[in-house]
file final00.cif (mmCIF, C-alpha atoms and all ligand atoms)
data_entry
loop_
_atom_site.label_atom_id
_atom_site.label_comp_id
_atom_site.auth_asym_id
_atom_site.auth_seq_id
_atom_site.Cartn_x
_atom_site.Cartn_y
_atom_site.Cartn_z
CA MET A 1 -56.42 -79.16 -22.51
CA SER A 2 -53.41 -78.42 -24.70
CA HIS A 3 -50.09 -77.86 -22.97
CA ALA A 4 -48.10 -75.78 -25.43
CA PRO A 5 -44.94 -74.33 -23.91
CA VAL A 6 -44.98 -70.64 -22.99
CA HIS A 7 -42.37 -69.96 -25.64
CA GLY A 8 -42.53 -72.54 -28.37
CA ALA A 9 -39.58 -74.09 -30.16
CA ALA A 10 -39.93 -71.52 -32.93
CA ASP A 11 -39.04 -68.72 -30.48
CA LEU A 12 -35.90 -70.45 -29.27
CA ASP A 13 -32.41 -69.80 -30.51
CA PRO A 14 -31.60 -73.09 -32.30
CA THR A 15 -28.09 -73.08 -30.83
CA ALA A 16 -29.44 -72.68 -27.33
CA THR A 17 -31.13 -75.94 -26.45
CA ALA A 18 -28.86 -77.24 -23.73
CA GLY A 19 -30.28 -75.63 -20.60
CA LEU A 20 -27.95 -75.00 -17.64
CA ARG A 21 -24.25 -75.98 -17.46
CA MET A 22 -22.29 -75.22 -14.30
CA GLU A 23 -18.55 -75.64 -14.81
CA ASP A 24 -16.06 -75.89 -11.97
CA VAL A 25 -17.96 -73.47 -9.75
CA VAL A 26 -16.30 -72.29 -6.54
CA LEU A 27 -18.03 -70.09 -3.96
CA THR A 28 -16.44 -69.00 -0.69
CA TYR A 29 -17.73 -66.84 2.16
CA PRO A 30 -15.69 -64.76 4.60
CA ASP A 31 -15.01 -66.82 7.74
CA GLY A 32 -13.02 -65.07 10.45
CA ASP A 33 -9.57 -64.40 9.03
CA GLY A 34 -10.05 -66.92 6.20
CA ARG A 35 -12.68 -68.13 3.76
CA LEU A 36 -15.19 -70.97 4.02
CA THR A 37 -15.60 -72.94 0.80
CA ALA A 38 -19.37 -73.49 0.40
CA VAL A 39 -19.22 -74.73 -3.23
CA ASP A 40 -16.07 -76.64 -4.11
CA HIS A 41 -15.37 -77.06 -7.86
CA VAL A 42 -18.88 -78.24 -8.73
CA SER A 43 -19.79 -79.10 -12.32
CA CYS A 44 -23.28 -80.21 -13.33
CA GLY A 45 -25.83 -79.70 -16.06
CA ILE A 46 -29.55 -79.88 -16.79
CA ASP A 47 -31.14 -79.94 -20.24
CA ARG A 48 -34.34 -78.06 -20.92
CA GLY A 49 -37.36 -80.11 -19.93
CA ARG A 50 -35.28 -82.19 -17.47
CA SER A 51 -34.77 -82.08 -13.71
CA LEU A 52 -31.71 -82.28 -11.46
CA ALA A 53 -32.00 -82.97 -7.73
CA VAL A 54 -29.35 -81.47 -5.44
CA THR A 55 -29.08 -83.44 -2.21
CA GLY A 56 -26.66 -83.50 0.71
CA PRO A 57 -26.53 -82.99 4.46
CA SER A 58 -27.28 -79.68 6.14
CA GLY A 59 -24.51 -77.18 5.42
CA SER A 60 -23.22 -79.10 2.38
CA GLY A 61 -23.71 -76.14 0.03
CA LYS A 62 -27.02 -76.95 -1.68
CA SER A 63 -28.61 -73.51 -1.21
CA SER A 64 -25.30 -71.82 -2.04
CA LEU A 65 -25.12 -73.68 -5.36
CA LEU A 66 -28.71 -72.73 -6.13
CA ALA A 67 -27.99 -69.09 -5.23
CA VAL A 68 -25.16 -69.09 -7.78
CA ALA A 69 -27.46 -70.52 -10.47
CA ALA A 70 -30.03 -67.89 -9.50
CA THR A 71 -27.44 -65.08 -9.99
CA LEU A 72 -28.13 -64.08 -6.38
CA THR A 73 -24.53 -64.82 -5.37
CA PRO A 74 -21.65 -64.42 -7.86
CA PRO A 75 -19.18 -67.33 -7.58
CA ASP A 76 -15.47 -66.81 -6.94
CA SER A 77 -14.69 -68.75 -10.12
CA GLY A 78 -16.22 -71.06 -12.71
CA HIS A 79 -18.89 -70.67 -15.36
CA VAL A 80 -22.67 -70.93 -15.26
CA TRP A 81 -23.87 -71.22 -18.83
CA LEU A 82 -27.57 -70.74 -19.45
CA ALA A 83 -29.10 -71.28 -22.88
CA THR A 84 -31.63 -68.46 -23.17
CA ARG A 85 -33.96 -67.52 -26.01
CA HIS A 86 -31.32 -65.04 -27.10
CA GLY A 87 -28.28 -67.28 -26.93
CA GLU A 88 -25.98 -68.60 -24.25
CA VAL A 89 -25.12 -66.41 -21.25
CA ASP A 90 -22.49 -67.00 -18.55
CA LEU A 91 -24.46 -66.12 -15.42
CA ALA A 92 -21.19 -66.05 -13.47
CA ALA A 93 -19.89 -63.15 -15.54
CA VAL A 94 -22.87 -60.78 -15.87
CA SER A 95 -23.20 -57.38 -14.19
CA ALA A 96 -25.56 -56.98 -11.22
CA ARG A 97 -27.94 -55.07 -13.47
CA ARG A 98 -27.99 -57.79 -16.14
CA ALA A 99 -28.38 -60.43 -13.42
CA ALA A 100 -31.49 -58.65 -12.14
CA GLU A 101 -32.89 -58.53 -15.66
CA LEU A 102 -32.16 -62.25 -16.19
CA ARG A 103 -33.93 -63.07 -12.92
CA ARG A 104 -37.01 -61.32 -14.28
CA THR A 105 -36.94 -62.90 -17.73
CA GLU A 106 -35.03 -66.19 -17.71
CA ILE A 107 -34.94 -67.56 -14.17
CA GLY A 108 -37.92 -68.57 -12.05
CA ILE A 109 -37.31 -69.24 -8.36
CA VAL A 110 -39.47 -71.09 -5.82
CA PHE A 111 -38.35 -70.97 -2.20
CA GLN A 112 -39.27 -73.00 0.88
CA GLN A 113 -41.90 -70.43 1.81
CA SER A 114 -44.08 -69.18 -1.02
CA ASN A 115 -43.30 -65.48 -0.25
CA LEU A 116 -46.60 -64.27 -1.68
CA VAL A 117 -47.94 -60.76 -1.10
CA GLU A 118 -50.83 -61.29 1.31
CA SER A 119 -52.96 -58.41 0.06
CA LEU A 120 -52.95 -59.54 -3.58
CA THR A 121 -55.09 -62.15 -5.32
CA ALA A 122 -53.51 -65.24 -6.88
CA ARG A 123 -53.79 -63.63 -10.32
CA GLU A 124 -52.25 -60.36 -9.09
CA GLN A 125 -49.19 -62.22 -7.75
CA LEU A 126 -48.45 -63.30 -11.32
CA GLU A 127 -49.32 -59.95 -12.87
CA ALA A 128 -47.07 -58.10 -10.42
CA MET A 129 -44.16 -60.36 -11.41
CA ALA A 130 -44.85 -59.80 -15.11
CA TRP A 131 -44.95 -56.03 -14.67
CA LEU A 132 -41.84 -55.58 -12.54
CA GLY A 133 -40.13 -52.42 -13.75
CA LYS A 134 -42.46 -51.97 -16.74
CA ARG A 135 -45.32 -49.69 -17.69
CA PRO A 136 -47.90 -51.93 -19.36
CA SER A 137 -49.97 -51.03 -22.42
CA ARG A 138 -53.61 -52.04 -22.36
CA ALA A 139 -53.00 -54.83 -24.91
CA ARG A 140 -50.09 -56.23 -22.90
CA ARG A 141 -52.17 -55.99 -19.74
CA THR A 142 -54.81 -58.22 -21.32
CA ALA A 143 -52.20 -60.69 -22.62
CA VAL A 144 -50.56 -60.94 -19.20
CA ARG A 145 -53.90 -61.50 -17.52
CA GLU A 146 -54.67 -64.33 -19.95
CA ARG A 147 -51.23 -65.86 -19.33
CA ALA A 148 -51.74 -65.59 -15.56
CA ASP A 149 -55.16 -67.24 -15.73
CA ASP A 150 -53.85 -70.00 -18.01
CA LEU A 151 -50.99 -70.75 -15.62
CA LEU A 152 -53.27 -70.76 -12.58
CA ASP A 153 -55.51 -73.15 -14.47
CA ARG A 154 -52.59 -75.44 -15.20
CA VAL A 155 -51.56 -75.54 -11.56
CA GLY A 156 -55.14 -76.44 -10.64
CA LEU A 157 -56.12 -73.07 -9.18
CA GLY A 158 -58.11 -71.60 -12.07
CA SER A 159 -61.21 -71.15 -9.92
CA MET A 160 -59.20 -69.27 -7.28
CA ALA A 161 -57.49 -66.73 -9.52
CA GLY A 162 -59.46 -63.82 -8.06
CA ARG A 163 -59.08 -64.90 -4.43
CA SER A 164 -56.74 -63.22 -2.00
CA VAL A 165 -53.94 -65.68 -1.21
CA GLY A 166 -54.48 -65.17 2.53
CA GLY A 167 -57.18 -67.86 2.38
CA LEU A 168 -55.14 -70.47 0.50
CA SER A 169 -53.53 -73.56 2.04
CA GLY A 170 -49.74 -73.98 2.14
CA GLY A 171 -49.84 -76.35 -0.84
CA GLN A 172 -52.06 -74.01 -2.84
CA ARG A 173 -49.75 -71.10 -2.05
CA GLN A 174 -46.74 -73.07 -3.31
CA ARG A 175 -48.65 -73.84 -6.51
CA VAL A 176 -49.26 -70.10 -6.96
CA ALA A 177 -45.52 -69.58 -6.37
CA VAL A 178 -44.72 -72.13 -9.12
CA ALA A 179 -47.12 -70.38 -11.52
CA ARG A 180 -45.56 -67.03 -10.62
CA ALA A 181 -42.07 -68.39 -11.29
CA LEU A 182 -43.22 -69.41 -14.77
CA VAL A 183 -45.10 -66.27 -15.75
CA ASN A 184 -42.25 -64.65 -17.65
CA GLY A 185 -41.41 -67.84 -19.58
CA PRO A 186 -38.05 -68.66 -17.95
CA SER A 187 -35.42 -71.07 -19.30
CA LEU A 188 -34.46 -72.15 -15.79
CA LEU A 189 -36.60 -73.01 -12.78
CA LEU A 190 -34.91 -73.22 -9.38
CA ALA A 191 -36.62 -74.64 -6.32
CA ASP A 192 -35.02 -74.64 -2.85
CA GLU A 193 -36.72 -77.15 -0.55
CA PRO A 194 -40.13 -76.17 -1.98
CA THR A 195 -42.02 -78.89 -0.08
CA SER A 196 -40.36 -78.83 3.32
CA ALA A 197 -43.09 -76.67 4.88
CA LEU A 198 -45.87 -78.90 3.48
CA ASP A 199 -47.51 -82.16 4.55
CA SER A 200 -46.50 -85.15 2.43
CA GLU A 201 -49.61 -85.12 0.25
CA SER A 202 -49.39 -81.40 -0.62
CA GLY A 203 -45.63 -81.74 -1.03
CA ALA A 204 -46.04 -84.61 -3.50
CA ALA A 205 -48.54 -82.51 -5.49
CA VAL A 206 -46.07 -79.61 -5.69
CA VAL A 207 -43.27 -81.97 -6.82
CA ASP A 208 -45.62 -83.44 -9.47
CA LEU A 209 -46.32 -79.92 -10.64
CA LEU A 210 -42.65 -78.91 -10.81
CA LEU A 211 -41.66 -82.03 -12.78
CA ARG A 212 -44.63 -81.73 -15.12
CA THR A 213 -44.16 -78.02 -15.79
CA ALA A 214 -40.41 -78.48 -16.40
CA GLN A 215 -41.33 -80.85 -19.22
CA GLU A 216 -44.29 -78.95 -20.59
CA PHE A 217 -42.61 -75.56 -20.55
CA GLU A 218 -39.22 -76.90 -21.63
CA VAL A 219 -37.55 -75.44 -18.57
CA ALA A 220 -34.42 -76.83 -16.90
CA LEU A 221 -35.35 -77.59 -13.26
CA MET A 222 -32.86 -77.62 -10.37
CA LEU A 223 -34.47 -78.88 -7.18
CA VAL A 224 -32.76 -78.74 -3.79
CA THR A 225 -34.21 -81.36 -1.49
CA HIS A 226 -33.56 -83.38 1.66
CA ASP A 227 -36.19 -85.88 0.59
CA GLU A 228 -34.92 -89.11 -1.01
CA ARG A 229 -38.29 -89.82 -2.61
CA VAL A 230 -38.32 -86.41 -4.26
CA ALA A 231 -34.73 -86.81 -5.48
CA ALA A 232 -35.55 -90.24 -6.91
CA ARG A 233 -38.24 -88.72 -9.09
CA CYS A 234 -35.83 -86.31 -10.81
CA ASP A 235 -34.01 -87.24 -14.03
CA ALA A 236 -30.58 -86.85 -12.41
CA ARG A 237 -29.03 -86.04 -9.08
CA ILE A 238 -25.86 -84.64 -7.54
CA HIS A 239 -25.02 -85.25 -3.90
CA LEU A 240 -22.95 -82.61 -2.12
CA VAL A 241 -20.67 -83.19 0.85
CA ASP A 242 -18.70 -80.22 2.19
CA GLY A 243 -19.51 -78.29 -0.99
CA ALA A 244 -18.18 -80.93 -3.40
CA VAL A 245 -20.01 -83.51 -5.54
CA ARG A 246 -19.77 -87.01 -4.08
CA SER A 247 -21.18 -90.10 -5.70
CA GLY A 248 -23.75 -92.14 -3.74
N1 LIG A 301 -24.12 -65.86 3.74
C1 LIG A 301 -23.24 -66.72 4.29
N2 LIG A 301 -22.13 -66.28 4.93
C2 LIG A 301 -21.25 -67.13 5.45
N3 LIG A 301 -21.37 -68.48 5.42
C3 LIG A 301 -22.47 -68.97 4.82
C4 LIG A 301 -23.46 -68.13 4.23
N4 LIG A 301 -24.42 -68.91 3.70
C5 LIG A 301 -24.07 -70.19 3.94
N5 LIG A 301 -22.90 -70.23 4.62
C6 LIG A 301 -22.16 -71.44 5.01
O1 LIG A 301 -21.87 -72.15 3.81
C7 LIG A 301 -22.03 -73.55 4.00
C8 LIG A 301 -23.09 -74.07 3.03
O2 LIG A 301 -24.34 -73.54 3.40
P1 LIG A 301 -25.67 -73.81 2.57
O3 LIG A 301 -26.78 -73.03 3.21
O4 LIG A 301 -25.39 -73.59 1.15
O5 LIG A 301 -25.88 -75.38 2.81
P2 LIG A 301 -27.19 -76.26 2.62
O6 LIG A 301 -26.71 -77.59 2.16
O7 LIG A 301 -28.17 -75.56 1.78
O8 LIG A 301 -27.74 -76.38 4.11
P3 LIG A 301 -29.24 -76.62 4.64
O9 LIG A 301 -29.65 -77.98 4.12
O10 LIG A 301 -29.09 -76.62 6.13
O11 LIG A 301 -30.08 -75.52 4.12
C9 LIG A 301 -22.40 -73.74 5.45
O12 LIG A 301 -21.21 -74.00 6.18
C10 LIG A 301 -22.98 -72.40 5.85
O13 LIG A 301 -22.79 -72.16 7.22
#
call {"tool": "encode", "arguments": {"input": "final00.cif", "output": "structure tokens", "more": "lines below"}}
Ligand SMILES: Nc1ncnc2c1ncn2[C@@H]1O[C@H](COP(=O)(O)OP(=O)(O)OP(=O)(O)O)[C@@H](O)[C@H]1O
result
Amino acid sequence: MSHAPVHGAADLDPTATAGLRMEDVVLTYPDGDGRLTAVDHVSCGIDRGRSLAVTGPSGSGKSSLLAVAATLTPPDSGHVWLATRHGEVDLAAVSARRAAELRRTEIGIVFQQSNLVESLTAREQLEAMAWLGKRPSRARRTAVRERADDLLDRVGLGSMAGRSVGGLSGGQRQRVAVARALVNGPSLLLADEPTSALDSESGAAVVDLLLRTAQEFEVALMLVTHDERVAARCDARIHLVDGAVRSG
């Protein structure tokens, strides 16, 4: 089976090959009369097709950093450069409306729980994501269905495309969630503890899938994990302590 990327090199802006670059990012939350610093001057980067593990103890700011990269939480300061098909964008400086659009088109997110819609089939999960906010033509509808089936095939669930996800195992559901995160051809894939609800065998299969699809689809992958073995499989790693990057 061929594994051509969703959007091939020809579609990419030639100046926009770098992936994600976070520069001196600070995020604070209100905390009584003061502020709690959850992300403390963090800089890191991931090229397209490569993976970065984010590790650190509970409360060290891993999910907060991922939420900034996801445009779900604007940082207090710093830059979050993402090389998209249409050039470089500072995710830290976009409007809420543009952020929502970027989350549909450029950023795929996989959470700890797969957050699938129980009443839909595996294929419909992907189609629903592709159609968010759009009114599809018949031709586009067919193209999206083919894309959805191709992705489900690649994550090993081709034969289950028409099945309601209610009957799928936790590992299978996470694989649907990975396929759904890829359906709009993102530049960035973010995964927050995607295996922590799975047994070790299913978890390893989901990590395999994330690392493989990051390469095949030329997506920059940021993976938050507590698991040393998972972190060791990524191309690079940052370790957070009290919101700041610490070596070792
Ligand atoms: N919405 C919020 N409002 C206020 N404080 C928050 C909020 N979210 C997180 N925090 C605090 O920010 C710090 C970092 O939290 P965060 O969830 O990013 O850490 P984490 O490393 O992902 O933790 P865990 O591994 O337990 O998920 C913690 O002190 C946490 O209590």
call {"tool": "residues_around", "arguments": {"input": "final00.cif", "residues": "Ala70 in chain A", "least_positions_apart": "2", "cutoff": "10 Å", "atoms": "only C-alpha atoms", "output": "list of chain:residue names"}}
result
A:Ser64, A:Leu65, A:Leu66, A:Ala67, A:Val68, A:Leu72, A:Thr73, A:Pro74, A:Val80, A:Leu91, A:Ala92, A:Ala99, A:Ala100, A:Leu102, A:Arg103, A:Glu106, A:Ile107, A:Gly108, A:Ile109, A:Leu188, A:Leu189, A:Leu190, A:Ala191
call {"tool": "write_last_selection", "arguments": {"input": "final00.cif", "atoms": "C-alpha atoms", "output": "PDB file, keeping the file's coordinate frame"}}
result
ATOM      1  CA  SER A  64     -25.300 -71.820  -2.040  1.00  0.00           C
ATOM      2  CA  LEU A  65     -25.120 -73.680  -5.360  1.00  0.00           C
ATOM      3  CA  LEU A  66     -28.710 -72.730  -6.130  1.00  0.00           C
ATOM      4  CA  ALA A  67     -27.990 -69.090  -5.230  1.00  0.00           C
ATOM      5  CA  VAL A  68     -25.160 -69.090  -7.780  1.00  0.00           C
ATOM      6  CA  LEU A  72     -28.130 -64.080  -6.380  1.00  0.00           C
ATOM      7  CA  THR A  73     -24.530 -64.820  -5.370  1.00  0.00           C
ATOM      8  CA  PRO A  74     -21.650 -64.420  -7.860  1.00  0.00           C
ATOM      9  CA  VAL A  80     -22.670 -70.930 -15.260  1.00  0.00           C
ATOM     10  CA  LEU A  91     -24.460 -66.120 -15.420  1.00  0.00           C
ATOM     11  CA  ALA A  92     -21.190 -66.050 -13.470  1.00  0.00           C
ATOM     12  CA  ALA A  99     -28.380 -60.430 -13.420  1.00  0.00           C
ATOM     13  CA  ALA A 100     -31.490 -58.650 -12.140  1.00  0.00           C
ATOM     14  CA  LEU A 102     -32.160 -62.250 -16.190  1.00  0.00           C
ATOM     15  CA  ARG A 103     -33.930 -63.070 -12.920  1.00  0.00           C
ATOM     16  CA  GLU A 106     -35.030 -66.190 -17.710  1.00  0.00           C
ATOM     17  CA  ILE A 107     -34.940 -67.560 -14.170  1.00  0.00           C
ATOM     18  CA  GLY A 108     -37.920 -68.570 -12.050  1.00  0.00           C
ATOM     19  CA  ILE A 109     -37.310 -69.240  -8.360  1.00  0.00           C
ATOM     20  CA  LEU A 188     -34.460 -72.150 -15.790  1.00  0.00           C
ATOM     21  CA  LEU A 189     -36.600 -73.010 -12.780  1.00  0.00           C
ATOM     22  CA  LEU A 190     -34.910 -73.220  -9.380  1.00  0.00           C
ATOM     23  CA  ALA A 191     -36.620 -74.640  -6.320  1.00  0.00           C
TER      24      ALA A 191
END
call {"tool": "axis_aligned_box", "arguments": {"input": "final00.cif", "around": "range 109-124 of chain A", "padding_each_side": "5 Å", "output": "JSON"}}
result
{"center_x": -46.2, "center_y": -65.7, "center_z": -4.3, "size_x": 27.8, "size_y": 24.6, "size_z": 22.1}
call {"tool": "residues_near_point", "arguments": {"input": "final00.cif", "point": "(-26.7, -74.2, -14.2)", "cutoff": "6 Å", "atoms": "all atoms listed in the file", "output": "PDB file with C-alpha atoms, in the coordinates of the input"}}
result
ATOM      1  CA  LEU A  20     -27.950 -75.000 -17.640  1.00  0.00           C
ATOM      2  CA  ARG A  21     -24.250 -75.980 -17.460  1.00  0.00           C
ATOM      3  CA  MET A  22     -22.290 -75.220 -14.300  1.00  0.00           C
ATOM      4  CA  GLY A  45     -25.830 -79.700 -16.060  1.00  0.00           C
ATOM      5  CA  ALA A  69     -27.460 -70.520 -10.470  1.00  0.00           C
ATOM      6  CA  VAL A  80     -22.670 -70.930 -15.260  1.00  0.00           C
TER       7      VAL A  80
END
call {"tool": "residues_near_ligand", "arguments": {"input": "final00.cif", "ligand": "ligand LIG 301 (chain A)", "cutoff": "12 Å", "atoms": "all atoms listed in the file", "output": "ChimeraX atom specification"}}
result
/A:26-32,34-40,54-68,72-74,111-112,191-194,196,223-227,239-245
call {"tool": "closest_residue", "arguments": {"input": "final00.cif", "among": "A:Ser51, A:Asn184, A:Ser164, A:Ser114", "to": "Trp131 in chain A", "atoms": "all atoms listed in the file"}}
result
A:Asn184
call {"tool": "residues_near_point", "arguments": {"input": "final00.cif", "point": "(-54.6, -68.8, 0.1)", "cutoff": "12 Å", "atoms": "all atoms listed in the file", "output": "ChimeraX atom specification"}}
result
/A:114-123,125,157,160-177
call {"tool": "closest_atom_pairs", "arguments": {"input": "final00.cif", "of": "range 175-217 of chain A", "to": "range 143-155 of chain A", "cutoff": "12 Å", "atoms": "only C-alpha atoms", "output": "JSON lines"}}
result
{"residue": "A:Arg175", "atom": "CA", "partner": "A:Val155", "partner_atom": "CA", "distance": 6.1}
{"residue": "A:Val176", "atom": "CA", "partner": "A:Leu152", "partner_atom": "CA", "distance": 6.9}
{"residue": "A:Ala177", "atom": "CA", "partner": "A:Val155", "partner_atom": "CA", "distance": 9.9}
{"residue": "A:Val178", "atom": "CA", "partner": "A:Val155", "partner_atom": "CA", "distance": 8.0}
{"residue": "A:Ala179", "atom": "CA", "partner": "A:Leu151", "partner_atom": "CA", "distance": 5.7}
{"residue": "A:Arg180", "atom": "CA", "partner": "A:Ala148", "partner_atom": "CA", "distance": 8.0}
{"residue": "A:Ala181", "atom": "CA", "partner": "A:Leu151", "partner_atom": "CA", "distance": 10.2}
{"residue": "A:Leu182", "atom": "CA", "partner": "A:Leu151", "partner_atom": "CA", "distance": 7.9}
{"residue": "A:Val183", "atom": "CA", "partner": "A:Ala148", "partner_atom": "CA", "distance": 6.7}
{"residue": "A:Asn184", "atom": "CA", "partner": "A:Arg147", "partner_atom": "CA", "distance": 9.2}
{"residue": "A:Gly185", "atom": "CA", "partner": "A:Arg147", "partner_atom": "CA", "distance": 10.0}
{"residue": "A:Ala205", "atom": "CA", "partner": "A:Val155", "partner_atom": "CA", "distance": 9.7}
{"residue": "A:Val206", "atom": "CA", "partner": "A:Val155", "partner_atom": "CA", "distance": 9.0}
{"residue": "A:Val207", "atom": "CA", "partner": "A:Val155", "partner_atom": "CA", "distance": 11.5}
{"residue": "A:Asp208", "atom": "CA", "partner": "A:Val155", "partner_atom": "CA", "distance": 10.1}
{"residue": "A:Leu209", "atom": "CA", "partner": "A:Val155", "partner_atom": "CA", "distance": 6.9}
{"residue": "A:Leu210", "atom": "CA", "partner": "A:Val155", "partner_atom": "CA", "distance": 9.6}
{"residue": "A:Leu211", "atom": "CA", "partner": "A:Val155", "partner_atom": "CA", "distance": 11.9}
{"residue": "A:Arg212", "atom": "CA", "partner": "A:Val155", "partner_atom": "CA", "distance": 10.0}
{"residue": "A:Thr213", "atom": "CA", "partner": "A:Arg154", "partner_atom": "CA", "distance": 8.8}
{"residue": "A:Glu216", "atom": "CA", "partner": "A:Arg154", "partner_atom": "CA", "distance": 10.5}
{"residue": "A:Phe217", "atom": "CA", "partner": "A:Leu151", "partner_atom": "CA", "distance": 10.8}
call {"tool": "write_last_selection", "arguments": {"input": "final00.cif", "atoms": "C-alpha atoms", "output": "tab-separated table (two decimals), in the frame of the given file"}}
result
chain	number	residue	atom	x	y	z
A	175	ARG	CA	-48.65	-73.84	-6.51
A	176	VAL	CA	-49.26	-70.10	-6.96
A	177	ALA	CA	-45.52	-69.58	-6.37
A	178	VAL	CA	-44.72	-72.13	-9.12
A	179	ALA	CA	-47.12	-70.38	-11.52
A	180	ARG	CA	-45.56	-67.03	-10.62
A	181	ALA	CA	-42.07	-68.39	-11.29
A	182	LEU	CA	-43.22	-69.41	-14.77
A	183	VAL	CA	-45.10	-66.27	-15.75
A	184	ASN	CA	-42.25	-64.65	-17.65
A	185	GLY	CA	-41.41	-67.84	-19.58
A	205	ALA	CA	-48.54	-82.51	-5.49
A	206	VAL	CA	-46.07	-79.61	-5.69
A	207	VAL	CA	-43.27	-81.97	-6.82
A	208	ASP	CA	-45.62	-83.44	-9.47
A	209	LEU	CA	-46.32	-79.92	-10.64
A	210	LEU	CA	-42.65	-78.91	-10.81
A	211	LEU	CA	-41.66	-82.03	-12.78
A	212	ARG	CA	-44.63	-81.73	-15.12
A	213	THR	CA	-44.16	-78.02	-15.79
A	216	GLU	CA	-44.29	-78.95	-20.59
A	217	PHE	CA	-42.61	-75.56	-20.55
call {"tool": "atom_distance", "arguments": {"input": "final00.cif", "atom1": "CA of Ala197 in chain A", "atom2": "CA of Gln113 in chain A"}}
result
7.1 Å
call {"tool": "atom_distance", "arguments": {"input": "final00.cif", "atom1": "CA of Pro186 in chain A", "atom2": "CA of Asp76 in chain A"}}
result
25.2 Å
call {"tool": "decode", "arguments": {"input": "final00.cif", "residues": "range 162-195 of chain A", "atoms": "C-alpha atoms", "output": "PDB file, in the first residue's frame"}}
result
ATOM      1  CA  GLY A 162     -19.291   1.352   8.924  1.00  0.00           C
ATOM      2  CA  ARG A 163     -19.508   0.149  12.526  1.00  0.00           C
ATOM      3  CA  SER A 164     -20.845   2.261  15.345  1.00  0.00           C
ATOM      4  CA  VAL A 165     -17.916   3.116  17.631  1.00  0.00           C
ATOM      5  CA  GLY A 166     -19.888   1.925  20.670  1.00  0.00           C
ATOM      6  CA  GLY A 167     -18.652  -1.609  19.938  1.00  0.00           C
ATOM      7  CA  LEU A 168     -14.963  -0.744  19.558  1.00  0.00           C
ATOM      8  CA  SER A 169     -12.253  -1.385  22.151  1.00  0.00           C
ATOM      9  CA  GLY A 170     -10.403   1.488  23.848  1.00  0.00           C
ATOM     10  CA  GLY A 171      -7.390   1.009  21.573  1.00  0.00           C
ATOM     11  CA  GLN A 172      -9.549   0.904  18.457  1.00  0.00           C
ATOM     12  CA  ARG A 173     -11.360   4.055  19.562  1.00  0.00           C
ATOM     13  CA  GLN A 174      -8.043   5.869  20.012  1.00  0.00           C
ATOM     14  CA  ARG A 175      -7.026   4.775  16.514  1.00  0.00           C
ATOM     15  CA  VAL A 176     -10.272   6.277  15.184  1.00  0.00           C
ATOM     16  CA  ALA A 177      -9.414   9.452  17.128  1.00  0.00           C
ATOM     17  CA  VAL A 178      -5.967   9.563  15.451  1.00  0.00           C
ATOM     18  CA  ALA A 179      -7.559   9.109  12.013  1.00  0.00           C
ATOM     19  CA  ARG A 180     -10.083  11.840  12.838  1.00  0.00           C
ATOM     20  CA  ALA A 181      -7.290  14.206  13.900  1.00  0.00           C
ATOM     21  CA  LEU A 182      -5.652  13.678  10.497  1.00  0.00           C
ATOM     22  CA  VAL A 183      -8.723  13.974   8.290  1.00  0.00           C
ATOM     23  CA  ASN A 184      -8.272  17.643   7.438  1.00  0.00           C
ATOM     24  CA  GLY A 185      -4.553  17.240   6.632  1.00  0.00           C
ATOM     25  CA  PRO A 186      -3.089  19.149   9.607  1.00  0.00           C
ATOM     26  CA  SER A 187       0.482  20.462   9.896  1.00  0.00           C
ATOM     27  CA  LEU A 188       0.542  19.769  13.629  1.00  0.00           C
ATOM     28  CA  LEU A 189      -0.663  16.764  15.621  1.00  0.00           C
ATOM     29  CA  LEU A 190      -1.004  17.143  19.386  1.00  0.00           C
ATOM     30  CA  ALA A 191      -1.575  14.203  21.697  1.00  0.00           C
ATOM     31  CA  ASP A 192      -2.165  14.585  25.452  1.00  0.00           C
ATOM     32  CA  GLU A 193      -1.537  11.303  27.290  1.00  0.00           C
ATOM     33  CA  PRO A 194      -3.237   9.385  24.451  1.00  0.00           C
ATOM     34  CA  THR A 195      -2.369   5.955  25.885  1.00  0.00           C
TER      35      THR A 195
END
